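The file structure32.pdb comes next; it holds PDB, C-alpha atoms.
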ATOM      1  CA  ILE A 891     106.741 117.436 136.758
ATOM      2  CA  ALA A 892     105.306 114.057 137.766
ATOM      3  CA  VAL A 893     108.108 111.547 137.189
ATOM      4  CA  PRO A 894     107.922 107.755 137.584
ATOM      5  CA  GLN A 895     108.583 106.603 141.114
ATOM      6  CA  MET A 896     110.987 103.680 141.492
ATOM      7  CA  VAL A 897     110.094 101.469 144.441
ATOM      8  CA  ALA A 898     111.195  98.133 145.868
ATOM      9  CA  MET A 899     108.338  95.905 147.016
ATOM     10  CA  ARG A 900     108.706  93.572 149.972
ATOM     11  CA  GLY A 901     109.405  89.988 148.938
ATOM     12  CA  MET A 902     110.256  90.932 145.342
ATOM     13  CA  ASP A 903     113.837  91.149 144.080
ATOM     14  CA  ARG A 904     113.232  93.783 141.424
ATOM     15  CA  LEU A 905     112.325  97.433 141.022
ATOM     16  CA  TRP A 906     108.855  98.652 140.148
ATOM     17  CA  MET A 907     107.942 101.921 138.496
ATOM     18  CA  SER A 908     104.646 103.579 139.301
ATOM     19  CA  GLU A 909     102.457 105.648 137.005
ATOM     20  CA  LEU A 910      99.415 107.631 138.047
ATOM     21  CA  VAL A 911      97.125 106.600 135.192
ATOM     22  CA  SER A 912      94.172 108.590 136.488
ATOM     23  CA  GLU A 913      92.701 109.725 139.788
ATOM     24  CA  GLY A 914      92.306 106.586 141.875
ATOM     25  CA  PHE A 915      94.299 104.333 139.536
ATOM     26  CA  LEU A 916      98.013 103.663 140.015
ATOM     27  CA  ALA A 917      99.797 101.243 137.672
ATOM     28  CA  TYR A 918     103.132  99.510 138.355
ATOM     29  CA  TYR A 919     105.691  98.318 135.794
ATOM     30  CA  SER A 920     108.315  95.754 136.738
ATOM     31  CA  VAL A 921     111.690  97.142 135.653
ATOM     32  CA  ASP A 922     114.575  94.895 134.632
ATOM     33  CA  LYS A 923     116.949  97.652 133.558
ATOM     34  CA  VAL A 924     117.105 101.432 133.267
ATOM     35  CA  VAL A 925     118.458 102.099 129.768
ATOM     36  CA  ALA A 926     118.697 105.900 129.839
ATOM     37  CA  SER A 927     117.256 108.937 131.567
ATOM     38  CA  ALA A 928     117.370 112.663 130.973
ATOM     39  CA  VAL A 929     115.990 115.956 132.187
ATOM     40  CA  THR A 930     115.356 118.130 129.130
ATOM     41  CA  ASP A 931     114.159 121.704 128.834
ATOM     42  CA  TYR A 932     110.587 120.408 128.739
ATOM     43  CA  HIS A 933     110.367 116.881 130.170
ATOM     44  CA  GLU A 934     111.637 114.182 132.488
ATOM     45  CA  VAL A 935     112.441 111.272 130.163
ATOM     46  CA  LEU A 936     113.183 107.649 130.950
ATOM     47  CA  VAL A 937     113.822 104.591 128.778
ATOM     48  CA  ALA A 938     113.559 101.340 130.701
ATOM     49  CA  GLU A 939     113.389  97.611 130.014
ATOM     50  CA  THR A 940     110.174  96.368 131.609
ATOM     51  CA  THR A 941     109.391  92.733 132.268
ATOM     52  CA  GLN A 942     106.033  92.590 130.514
ATOM     53  CA  PHE A 943     106.241  95.214 127.768
ATOM     54  CA  GLY A 944     109.934  95.256 126.873
ATOM     55  CA  LYS A 945     111.690  98.549 126.329
ATOM     56  CA  CYS A 946     109.437 101.524 127.153
ATOM     57  CA  LEU A 947     109.618 105.287 126.807
ATOM     58  CA  PHE A 948     108.302 107.260 129.781
ATOM     59  CA  ILE A 949     107.771 111.026 129.606
ATOM     60  CA  ASP A 950     106.802 112.986 132.710
ATOM     61  CA  GLY A 951     105.836 109.828 134.544
ATOM     62  CA  LYS A 952     103.635 108.312 131.847
ATOM     63  CA  VAL A 953     104.446 105.513 129.443
ATOM     64  CA  GLN A 954     104.419 106.806 125.866
ATOM     65  CA  SER A 955     105.399 103.707 123.875
ATOM     66  CA  SER A 956     106.461 100.127 124.445
ATOM     67  CA  LEU A 957     108.070  97.727 122.009
ATOM     68  CA  TYR A 958     105.348  95.233 122.891
ATOM     69  CA  ASP A 959     102.404  97.205 121.507
ATOM     70  CA  GLU A 960     103.506 100.532 120.011
ATOM     71  CA  HIS A 961     102.405  99.278 116.592
ATOM     72  CA  ILE A 962      98.784  99.188 117.788
ATOM     73  CA  TYR A 963      98.924 102.842 118.809
ATOM     74  CA  HIS A 964     100.864 104.154 115.830
ATOM     75  CA  GLU A 965      98.997 102.202 113.163
ATOM     76  CA  SER A 966      95.656 103.285 114.676
ATOM     77  CA  LEU A 967      96.741 106.932 114.670
ATOM     78  CA  VAL A 968      98.226 107.048 111.167
ATOM     79  CA  HIS A 969      96.553 104.694 108.715
ATOM     80  CA  PRO A 970      92.843 105.504 109.167
ATOM     81  CA  ALA A 971      93.736 109.143 108.457
ATOM     82  CA  LEU A 972      95.759 108.312 105.351
ATOM     83  CA  VAL A 973      93.040 105.990 104.078
ATOM     84  CA  THR A 974      90.602 108.883 104.506
ATOM     85  CA  ALA A 975      92.933 111.237 102.619
ATOM     86  CA  ARG A 976      93.066 108.593  99.854
ATOM     87  CA  LYS A 977      96.196 109.808  98.036
ATOM     88  CA  PRO A 978      98.165 111.825 100.588
ATOM     89  CA  ALA A 979     101.341 113.412  99.265
ATOM     90  CA  LYS A 980     102.357 116.012 101.860
ATOM     91  CA  VAL A 981     102.088 115.145 105.565
ATOM     92  CA  LEU A 982     102.938 117.065 108.730
ATOM     93  CA  VAL A 983     103.533 115.175 111.976
ATOM     94  CA  ILE A 984     103.545 117.258 115.148
ATOM     95  CA  GLY A 985     105.331 115.418 117.951
ATOM     96  CA  GLY A 986     106.074 111.730 117.565
ATOM     97  CA  GLY A 987     109.568 111.842 119.055
ATOM     98  CA  GLU A 988     110.111 108.078 118.809
ATOM     99  CA  GLY A 989     109.963 108.256 115.018
ATOM    100  CA  ALA A 990     107.298 105.541 114.891
ATOM    101  CA  THR A 991     104.570 107.838 113.586
ATOM    102  CA  VAL A 992     106.657 108.973 110.611
ATOM    103  CA  ARG A 993     107.726 105.342 110.128
ATOM    104  CA  GLU A 994     104.091 104.465 109.452
ATOM    105  CA  VAL A 995     103.469 107.525 107.239
ATOM    106  CA  LEU A 996     106.486 106.632 105.103
ATOM    107  CA  LYS A 997     104.946 103.252 104.279
ATOM    108  CA  TRP A 998     102.579 105.014 101.844
ATOM    109  CA  LYS A 999     103.679 105.113  98.203
ATOM    110  CA  THR A1000     101.865 108.388  97.540
ATOM    111  CA  VAL A1001     103.657 110.250 100.326
ATOM    112  CA  ALA A1002     106.383 112.417  98.824
ATOM    113  CA  ASP A1003     107.082 114.852 101.639
ATOM    114  CA  VAL A1004     106.870 114.375 105.418
ATOM    115  CA  THR A1005     107.783 117.023 107.971
ATOM    116  CA  MET A1006     108.112 116.028 111.610
ATOM    117  CA  VAL A1007     108.090 118.932 114.076
ATOM    118  CA  ASP A1008     109.029 118.105 117.653
ATOM    119  CA  LEU A1009     109.632 120.609 120.428
ATOM    120  CA  ASP A1010     112.189 118.560 122.351
ATOM    121  CA  LYS A1011     115.394 117.732 120.474
ATOM    122  CA  ASP A1012     116.703 115.752 123.453
ATOM    123  CA  VAL A1013     113.713 113.396 123.390
ATOM    124  CA  VAL A1014     114.185 112.831 119.659
ATOM    125  CA  GLU A1015     117.903 112.149 120.064
ATOM    126  CA  LEU A1016     117.366 109.839 123.040
ATOM    127  CA  CYS A1017     114.820 107.857 121.050
ATOM    128  CA  ARG A1018     117.093 107.669 118.015
ATOM    129  CA  THR A1019     119.943 106.237 120.082
ATOM    130  CA  THR A1020     118.119 104.022 122.607
ATOM    131  CA  LEU A1021     114.917 103.081 120.732
ATOM    132  CA  PRO A1022     115.983 102.549 117.101
ATOM    133  CA  GLU A1023     113.545  99.612 116.994
ATOM    134  CA  MET A1024     110.714 102.147 116.836
ATOM    135  CA  SER A1025     111.910 104.416 114.029
ATOM    136  CA  LEU A1026     113.411 101.550 111.958
ATOM    137  CA  GLY A1027     115.431 103.929 109.819
ATOM    138  CA  ALA A1028     112.655 106.487 109.282
ATOM    139  CA  PHE A1029     114.910 109.372 110.303
ATOM    140  CA  ASP A1030     117.207 108.515 107.374
ATOM    141  CA  ASP A1031     114.448 108.511 104.740
ATOM    142  CA  THR A1032     115.058 111.247 102.175
ATOM    143  CA  ARG A1033     111.364 112.167 102.182
ATOM    144  CA  LEU A1034     111.528 113.193 105.854
ATOM    145  CA  LYS A1035     112.413 116.657 107.115
ATOM    146  CA  LEU A1036     112.950 116.893 110.880
ATOM    147  CA  VAL A1037     112.307 120.278 112.468
ATOM    148  CA  ILE A1038     112.954 121.043 116.115
ATOM    149  CA  GLY A1039     110.379 123.612 117.119
ATOM    150  CA  GLU A1040     106.876 124.282 118.389
ATOM    151  CA  GLY A1041     104.291 122.637 116.154
ATOM    152  CA  ARG A1042     101.633 125.326 116.222
ATOM    153  CA  ARG A1043     104.112 128.086 115.452
ATOM    154  CA  PHE A1044     105.530 126.030 112.583
ATOM    155  CA  LEU A1045     102.048 125.432 111.193
ATOM    156  CA  GLU A1046     101.297 129.163 111.259
ATOM    157  CA  GLY A1047     104.195 129.749 108.876
ATOM    158  CA  LEU A1048     102.943 127.372 106.182
ATOM    159  CA  GLU A1049     100.928 128.336 103.140
ATOM    160  CA  ASP A1050      97.164 127.789 103.375
ATOM    161  CA  GLY A1051      96.016 124.588 101.679
ATOM    162  CA  SER A1052      99.547 123.203 101.467
ATOM    163  CA  LEU A1053      99.093 119.966 103.479
ATOM    164  CA  ASP A1054      97.143 116.794 102.803
ATOM    165  CA  VAL A1055      97.337 115.368 106.324
ATOM    166  CA  VAL A1056      98.232 116.715 109.777
ATOM    167  CA  ILE A1057      98.916 114.125 112.479
ATOM    168  CA  VAL A1058      99.138 115.282 116.099
ATOM    169  CA  ASP A1059     101.085 112.843 118.255
ATOM    170  CA  VAL A1060     101.967 114.875 121.325
ATOM    171  CA  THR A1061     101.874 114.263 125.068
ATOM    172  CA  ASP A1062      98.573 114.391 126.926
ATOM    173  CA  PRO A1063      97.216 117.820 127.931
ATOM    174  CA  SER A1064      98.495 117.674 131.505
ATOM    175  CA  GLU A1065      98.724 120.786 133.660
ATOM    176  CA  GLY A1066     101.702 122.859 132.504
ATOM    177  CA  SER A1067     102.319 120.684 129.435
ATOM    178  CA  PRO A1068     103.730 122.383 126.311
ATOM    179  CA  SER A1069     101.127 120.387 124.352
ATOM    180  CA  LEU A1070      98.074 122.061 125.872
ATOM    181  CA  LYS A1071      97.321 124.465 123.013
ATOM    182  CA  LEU A1072      97.556 121.664 120.442
ATOM    183  CA  TYR A1073      94.093 120.521 121.557
ATOM    184  CA  SER A1074      92.170 123.787 121.225
ATOM    185  CA  GLN A1075      89.572 125.030 118.753
ATOM    186  CA  GLU A1076      91.960 127.758 117.637
ATOM    187  CA  PHE A1077      94.628 125.188 116.779
ATOM    188  CA  TYR A1078      92.162 123.025 114.846
ATOM    189  CA  LYS A1079      90.986 126.077 112.872
ATOM    190  CA  LEU A1080      94.602 126.844 112.016
ATOM    191  CA  ALA A1081      95.181 123.268 110.859
ATOM    192  CA  TYR A1082      91.971 123.386 108.798
ATOM    193  CA  ARG A1083      93.256 126.414 106.882
ATOM    194  CA  LYS A1084      96.577 124.760 106.140
ATOM    195  CA  LEU A1085      94.957 121.577 104.806
ATOM    196  CA  SER A1086      94.109 121.022 101.146
ATOM    197  CA  LYS A1087      90.514 120.677  99.901
ATOM    198  CA  GLU A1088      90.444 116.972 100.838
ATOM    199  CA  GLY A1089      92.655 117.428 103.895
ATOM    200  CA  VAL A1090      92.560 115.294 107.045
ATOM    201  CA  LEU A1091      93.664 115.838 110.636
ATOM    202  CA  ALA A1092      94.264 112.987 113.087
ATOM    203  CA  THR A1093      95.048 113.378 116.769
ATOM    204  CA  GLN A1094      95.622 111.149 119.725
ATOM    205  CA  ALA A1095      92.915 112.027 122.204
ATOM    206  CA  THR A1096      93.877 110.406 125.561
ATOM    207  CA  SER A1097      92.165 107.515 127.324
ATOM    208  CA  VAL A1098      88.558 106.773 126.444
ATOM    209  CA  VAL A1099      88.187 105.212 129.908
ATOM    210  CA  HIS A1100      90.314 107.105 132.422
ATOM    211  CA  THR A1101      90.082 110.603 130.923
ATOM    212  CA  HIS A1102      86.791 110.346 129.094
ATOM    213  CA  TYR A1103      85.912 113.994 129.706
ATOM    214  CA  VAL A1104      89.057 115.055 127.831
ATOM    215  CA  TYR A1105      88.467 112.562 125.022
ATOM    216  CA  ARG A1106      84.888 113.719 124.555
ATOM    217  CA  SER A1107      85.986 117.362 124.695
ATOM    218  CA  VAL A1108      88.563 116.836 121.929
ATOM    219  CA  LEU A1109      85.914 115.070 119.835
ATOM    220  CA  GLU A1110      83.301 117.812 120.250
ATOM    221  CA  THR A1111      85.830 120.599 119.710
ATOM    222  CA  LEU A1112      86.888 119.096 116.393
ATOM    223  CA  LYS A1113      83.215 118.941 115.374
ATOM    224  CA  ILE A1114      83.071 122.734 115.615
ATOM    225  CA  VAL A1115      85.773 122.986 112.935
ATOM    226  CA  PHE A1116      85.566 119.971 110.608
ATOM    227  CA  PRO A1117      82.411 118.844 108.760
ATOM    228  CA  TYR A1118      83.319 115.162 109.145
ATOM    229  CA  VAL A1119      84.631 113.944 112.509
ATOM    230  CA  THR A1120      85.162 110.302 113.452
ATOM    231  CA  PRO A1121      86.073 108.907 116.892
ATOM    232  CA  LEU A1122      88.221 105.778 117.054
ATOM    233  CA  ALA A1123      89.401 103.622 119.947
ATOM    234  CA  SER A1124      91.835 100.771 120.408
ATOM    235  CA  TYR A1125      93.006  98.867 123.463
ATOM    236  CA  ILE A1126      96.691  99.494 124.263
ATOM    237  CA  PRO A1127      97.886  96.967 126.894
ATOM    238  CA  SER A1128     100.850  99.027 128.137
ATOM    239  CA  PHE A1129      98.525 102.017 128.670
ATOM    240  CA  SER A1130      96.091  99.876 130.709
ATOM    241  CA  SER A1131      93.332 101.486 128.712
ATOM    242  CA  LEU A1132      91.130 101.796 125.685
ATOM    243  CA  TRP A1133      92.858 104.660 123.875
ATOM    244  CA  GLY A1134      91.119 107.350 121.868
ATOM    245  CA  PHE A1135      91.884 108.907 118.498
ATOM    246  CA  VAL A1136      89.852 111.434 116.521
ATOM    247  CA  ILE A1137      89.937 112.181 112.784
ATOM    248  CA  GLY A1138      88.623 115.378 111.225
ATOM    249  CA  SER A1139      88.152 115.566 107.454
ATOM    250  CA  LYS A1140      86.955 118.158 104.963
ATOM    251  CA  THR A1141      85.206 115.941 102.416
ATOM    252  CA  ILE A1142      84.479 112.434 103.751
ATOM    253  CA  GLY A1143      84.226 110.687 107.086
ATOM    254  CA  CYS A1144      86.695 108.020 108.123
ATOM    255  CA  ASN A1145      83.646 105.912 108.999
ATOM    256  CA  SER A1146      82.536 105.958 105.349
ATOM    257  CA  PHE A1147      85.111 103.327 104.378
ATOM    258  CA  SER A1148      84.116  99.671 104.484
ATOM    259  CA  PRO A1149      86.583  96.941 105.509
ATOM    260  CA  GLU A1150      86.894  96.090 101.813
ATOM    261  CA  ASP A1151      87.675  99.733 100.962
ATOM    262  CA  VAL A1152      90.400  99.818 103.603
ATOM    263  CA  ASP A1153      92.015  96.549 102.544
ATOM    264  CA  ARG A1154      91.994  97.684  98.919
ATOM    265  CA  ALA A1155      93.655 100.979  99.808
ATOM    266  CA  LEU A1156      96.316  99.280 101.909
ATOM    267  CA  THR A1157      97.060  96.727  99.211
ATOM    268  CA  ASN A1158      97.417  99.412  96.559
ATOM    269  CA  GLN A1159      99.245 102.083  98.537
ATOM    270  CA  LEU A1160     101.489 100.504 101.166
ATOM    271  CA  ILE A1161     105.179  99.768 100.771
ATOM    272  CA  GLY A1162     105.682  97.987 104.089
ATOM    273  CA  PRO A1163     103.578  95.487 106.053
ATOM    274  CA  LEU A1164     101.290  96.283 108.983
ATOM    275  CA  LYS A1165     100.986  94.299 112.192
ATOM    276  CA  PHE A1166      97.594  95.510 113.417
ATOM    277  CA  TYR A1167      95.546  97.778 111.156
ATOM    278  CA  SER A1168      93.390  96.261 108.416
ATOM    279  CA  GLY A1169      89.852  96.487 107.082
ATOM    280  CA  GLU A1170      88.695  94.273 109.918
ATOM    281  CA  THR A1171      90.399  96.283 112.649
ATOM    282  CA  HIS A1172      89.227  99.545 111.030
ATOM    283  CA  ARG A1173      85.671  98.428 111.740
ATOM    284  CA  MET A1174      86.672  97.491 115.294
ATOM    285  CA  LEU A1175      88.210 100.932 115.958
ATOM    286  CA  LEU A1176      84.954 102.569 114.910
ATOM    287  CA  LEU A1177      82.724 100.226 116.908
ATOM    288  CA  LEU A1178      84.728 100.467 120.132
ATOM    289  CA  ALA A1179      84.534 104.252 120.105
ATOM    290  CA  GLU A1180      80.842 104.273 119.188
ATOM    291  CA  LYS A1181      79.845 101.770 121.865
ATOM    292  CA  TYR A1182      81.872 103.360 124.627
ATOM    293  CA  LEU A1183      80.608 106.861 123.849
ATOM    294  CA  LYS A1184      77.051 105.570 124.268
ATOM    295  CA  LEU A1185      77.906 104.038 127.645
ATOM    296  CA  SER A1186      79.837 106.988 129.058
ATOM    297  CA  SER A1187      79.051 110.428 130.364
ATOM    298  CA  ASP A1188      78.168 113.030 127.752
ATOM    299  CA  ARG A1189      79.931 115.801 129.718
ATOM    300  CA  TYR A1190      82.466 117.846 127.777
ATOM    301  CA  LYS A1191      83.530 121.385 126.993
ATOM    302  CA  ILE A1192      84.634 123.085 123.811
ATOM    303  CA  ILE A1193      88.378 123.596 124.302
ATOM    304  CA  ARG A1194      89.600 127.127 123.656
ATOM    305  CA  ASP A1195      92.980 128.771 124.183
ATOM    306  CA  GLU A1196      91.562 130.683 127.146
ATOM    307  CA  ASP A1197      89.715 127.650 128.552
ATOM    308  CA  LEU A1198      91.911 124.593 128.104
ATOM    309  CA  VAL A1199      91.201 121.082 129.296
ATOM    310  CA  THR A1200      93.736 119.270 131.454
ATOM    311  CA  ILE A1201      94.194 115.837 133.006
ATOM    312  CA  PRO A1202      95.856 114.934 136.335
TER     313      PRO A1202
END

Could you quickly redo this structure as structure tokens?
Amino acid sequence: IAVPQMVAMRGMDRLWMSELVSEGFLAYYSVDKVVASAVTDYHEVLVAETTQFGKCLFIDGKVQSSLYDEHIYHESLVHPALVTARKPAKVLVIGGGEGATVREVLKWKTVADVTMVDLDKDVVELCRTTLPEMSLGAFDDTRLKLVIGEGRRFLEGLEDGSLDVVIVDVTDPSEGSPSLKLYSQEFYKLAYRKLSKEGVLATQATSVVHTHYVYRSVLETLKIVFPYVTPLASYIPSFSSLWGFVIGSKTIGCNSFSPEDVDRALTNQLIGPLKFYSGETHRMLLLLAEKYLKLSSDRYKIIRDEDLVTIP
């Protein structure tokens, strides 16, 4: 497992943590305090106070969330999908150990039932105790059911057509990662069957810049399964990257909604306020993905269980 490396730099009276962002790109985070660390059955986990981004969650050597900008990531992952679903009532979140993804889902008035399935109970507990600023009480909401287990196996046990939205917020598909088969065509076909007639799937899809081959592969694999597939991208400062998301839908594309449509939906459906996502930023998410896809390599592969895609 690639864990963050703590180093002391000459002439600087603080620790720095390194992260291999991609081949040829090493990022350093100035660390003021180590809050907690753990070795679980699946991951090396670290919560640290960083100088620039505040408290951060690191899993297997990569920053997953920071208090500085986690709202950009989580709002970009959740709300475009729920706008596309229009009146989502039953939502499944796979992963999302911090509780921030379900926090955003629970802001929707129409949502009556949310299940969060996470493989690593120790990550969830560590986040609940050391990063309560991210879940903001979501774990105590009566609409939420927390299941510790493998997301794909859990999905297999559900009735076909029983979900309105599936949100996949798992770690990147690194070599040996337990998340690898949550990016394959077989998994997306399974999710498609479990979704209702107007169902929507949203997934984080790695860096548009540093792991573009993986991002493009996730996008093209979803196109094999869903009739409407929309790429999105948003800049996440703590990730040092333009980050990719992809939405698959059965009946309408996420890109079919105008800024006015989005603002109207948010005004009518949301209980709590948003910090980032709006009709204006919805348009930006679409444009960033569209423009960067035109500029980048068109290399990709269709991801299958027997031919998975991995990043360094």

Between region 1105-1178 of chain A and region 961-981 of chain A, at 7 Å or less, what are the per-residue closest atom pairs and their distances in Å? Count all atoms listed in the file, order by chain and rising residue number, and return it as JSON lines.
{"residue": "A:Ile1126", "atom": "CA", "partner": "A:Tyr963", "partner_atom": "CA", "distance": 6.8}
{"residue": "A:Phe1135", "atom": "CA", "partner": "A:Leu967", "partner_atom": "CA", "distance": 6.5}
{"residue": "A:Ile1137", "atom": "CA", "partner": "A:Ala971", "partner_atom": "CA", "distance": 6.5}
{"residue": "A:Cys1144", "atom": "CA", "partner": "A:Thr974", "partner_atom": "CA", "distance": 5.4}
{"residue": "A:Val1152", "atom": "CA", "partner": "A:Val973", "partner_atom": "CA", "distance": 6.7}
{"residue": "A:Ala1155", "atom": "CA", "partner": "A:Val973", "partner_atom": "CA", "distance": 6.6}
{"residue": "A:Lys1165", "atom": "CA", "partner": "A:His961", "partner_atom": "CA", "distance": 6.8}
{"residue": "A:Phe1166", "atom": "CA", "partner": "A:Ile962", "partner_atom": "CA", "distance": 5.8}
{"residue": "A:Tyr1167", "atom": "CA", "partner": "A:Glu965", "partner_atom": "CA", "distance": 6.0}

CA of Arg1194 (chain A) to CA of Gly914 (chain A), distance in Å rounded to a single decimal
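It comes out at 27.6 Å.
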
Counting all atoms listed in the file, which residue out of A:Tyr1182, A:Tyr1125, A:Tyr958, A:Phe1044 sits closest to Glu1023 (chain A)?
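Smallest separation from Glu1023 (chain A) among the options: A:Tyr958.
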
If we count all atoms listed in the file, what is near Thr1157 (chain A) at a cut-off of 12 Å, once residues fewer than 4 positions away on the same chain are taken out, given as a PyMOL selection string?
chain A and resi 973+997-999+1150-1153+1161-1164+1168-1169

Counting all atoms listed in the file, what is within 7 Å of Arg1033 (chain A), bar same-chain residues fewer than 6 positions away, as number ranges by chain?
A: 1002-1004

Closest to Met1174 (chain A) among A:Val1136, A:Leu1156, A:Ile1057, A:Leu1122, using all atoms listed in the file?
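For Met1174 (chain A), the nearest of the given residues is A:Leu1122.
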
Do you know which residues the PyMOL selection byres ((chain A and resi 945-951) around 7) returns on this file, as a short mmCIF file (atom, residue, chain, number, x, y, z; two decimals) with C-alpha atoms, keeping the file's coordinate frame?
data_model
loop_
_atom_site.label_atom_id
_atom_site.label_comp_id
_atom_site.auth_asym_id
_atom_site.auth_seq_id
_atom_site.Cartn_x
_atom_site.Cartn_y
_atom_site.Cartn_z
CA ILE A 891 106.74 117.44 136.76
CA ALA A 892 105.31 114.06 137.77
CA VAL A 893 108.11 111.55 137.19
CA PRO A 894 107.92 107.76 137.58
CA GLU A 909 102.46 105.65 137.00
CA HIS A 933 110.37 116.88 130.17
CA GLU A 934 111.64 114.18 132.49
CA VAL A 935 112.44 111.27 130.16
CA LEU A 936 113.18 107.65 130.95
CA VAL A 937 113.82 104.59 128.78
CA ALA A 938 113.56 101.34 130.70
CA GLU A 939 113.39 97.61 130.01
CA THR A 940 110.17 96.37 131.61
CA PHE A 943 106.24 95.21 127.77
CA GLY A 944 109.93 95.26 126.87
CA LYS A 952 103.64 108.31 131.85
CA VAL A 953 104.45 105.51 129.44
CA GLN A 954 104.42 106.81 125.87
CA SER A 955 105.40 103.71 123.88
CA SER A 956 106.46 100.13 124.44
CA LEU A 957 108.07 97.73 122.01
#

Env of Val1098 (chain A): 10 Å cut, atoms = only C-alpha atoms, seq-sep filter 6 positions within chain, self excluded. Answer as a ChimeraX atom specification.
/A:1104-1106,1122-1125,1131-1135,1178-1179,1182-1183,1186

To one decimal place in Å, what is the distance between CA of Val1115 (chain A) and CA of Ser1097 (chain A)?
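Spanning CA of Val1115 (chain A) to CA of Ser1097 (chain A) is a straight-line distance of 22.1 Å.
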
If the PyMOL selection byres ((chain A and resi 1142) around 10) is run on the structure shown, which residues does it catch, given as a VMD selection string?
chain A and resid 974 to 975 1088 to 1090 1117 to 1120 1138 to 1141 1143 to 1147

Which residue gives the smallest distance to Val921 (chain A) among A:Met1024, A:Leu905, A:Val992, A:Ile1193, with all atoms listed in the file counted?
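Closest to Val921 (chain A) of all the choices is A:Leu905.
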
Ser912 (chain A) proximity check over A:Arg1042, A:His1102, A:Arg1018, A:Lys1181, using all atoms listed in the file: winner is A:His1102

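Remark: for Thr1111 (chain A), the closest of the candidate residues A:Ala1028, A:Leu1036, A:Val1199, A:Val1056 is A:Val1199 (distances computed over all atoms listed in the file).
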
Missing atoms in region 1047-1051 of chain A: fill them in up to all heavy atoms and send the result as an mmCIF file, in the coordinates of the input.
data_model
loop_
_atom_site.group_PDB
_atom_site.id
_atom_site.type_symbol
_atom_site.label_atom_id
_atom_site.label_comp_id
_atom_site.auth_asym_id
_atom_site.auth_seq_id
_atom_site.Cartn_x
_atom_site.Cartn_y
_atom_site.Cartn_z
ATOM 1 N N GLY A 1047 103.334 129.241 109.928
ATOM 2 C CA GLY A 1047 104.195 129.749 108.876
ATOM 3 C C GLY A 1047 104.009 129.086 107.530
ATOM 4 O O GLY A 1047 104.641 129.497 106.539
ATOM 5 N N LEU A 1048 103.155 128.078 107.443
ATOM 6 C CA LEU A 1048 102.943 127.372 106.182
ATOM 7 C C LEU A 1048 101.869 128.062 105.338
ATOM 8 O O LEU A 1048 101.008 128.769 105.850
ATOM 9 C CB LEU A 1048 102.522 125.927 106.452
ATOM 10 C CG LEU A 1048 103.547 125.036 107.177
ATOM 11 C CD1 LEU A 1048 102.986 123.623 107.348
ATOM 12 C CD2 LEU A 1048 104.880 124.993 106.437
ATOM 13 N N GLU A 1049 101.920 127.799 104.062
ATOM 14 C CA GLU A 1049 100.928 128.336 103.140
ATOM 15 C C GLU A 1049 99.582 127.644 103.343
ATOM 16 O O GLU A 1049 99.520 126.429 103.569
ATOM 17 C CB GLU A 1049 101.411 128.109 101.705
ATOM 18 C CG GLU A 1049 100.511 128.688 100.638
ATOM 19 C CD GLU A 1049 101.038 128.407 99.238
ATOM 20 O OE1 GLU A 1049 102.203 127.983 99.121
ATOM 21 O OE2 GLU A 1049 100.274 128.609 98.271
ATOM 22 N N ASP A 1050 98.501 128.377 103.260
ATOM 23 C CA ASP A 1050 97.164 127.789 103.375
ATOM 24 C C ASP A 1050 96.956 126.751 102.272
ATOM 25 O O ASP A 1050 97.350 126.964 101.114
ATOM 26 C CB ASP A 1050 96.089 128.871 103.272
ATOM 27 C CG ASP A 1050 96.006 129.735 104.511
ATOM 28 O OD1 ASP A 1050 96.768 129.486 105.463
ATOM 29 O OD2 ASP A 1050 95.187 130.683 104.521
ATOM 30 N N GLY A 1051 96.326 125.643 102.639
ATOM 31 C CA GLY A 1051 96.016 124.588 101.679
ATOM 32 C C GLY A 1051 97.201 123.761 101.222
ATOM 33 O O GLY A 1051 97.098 123.016 100.248
#
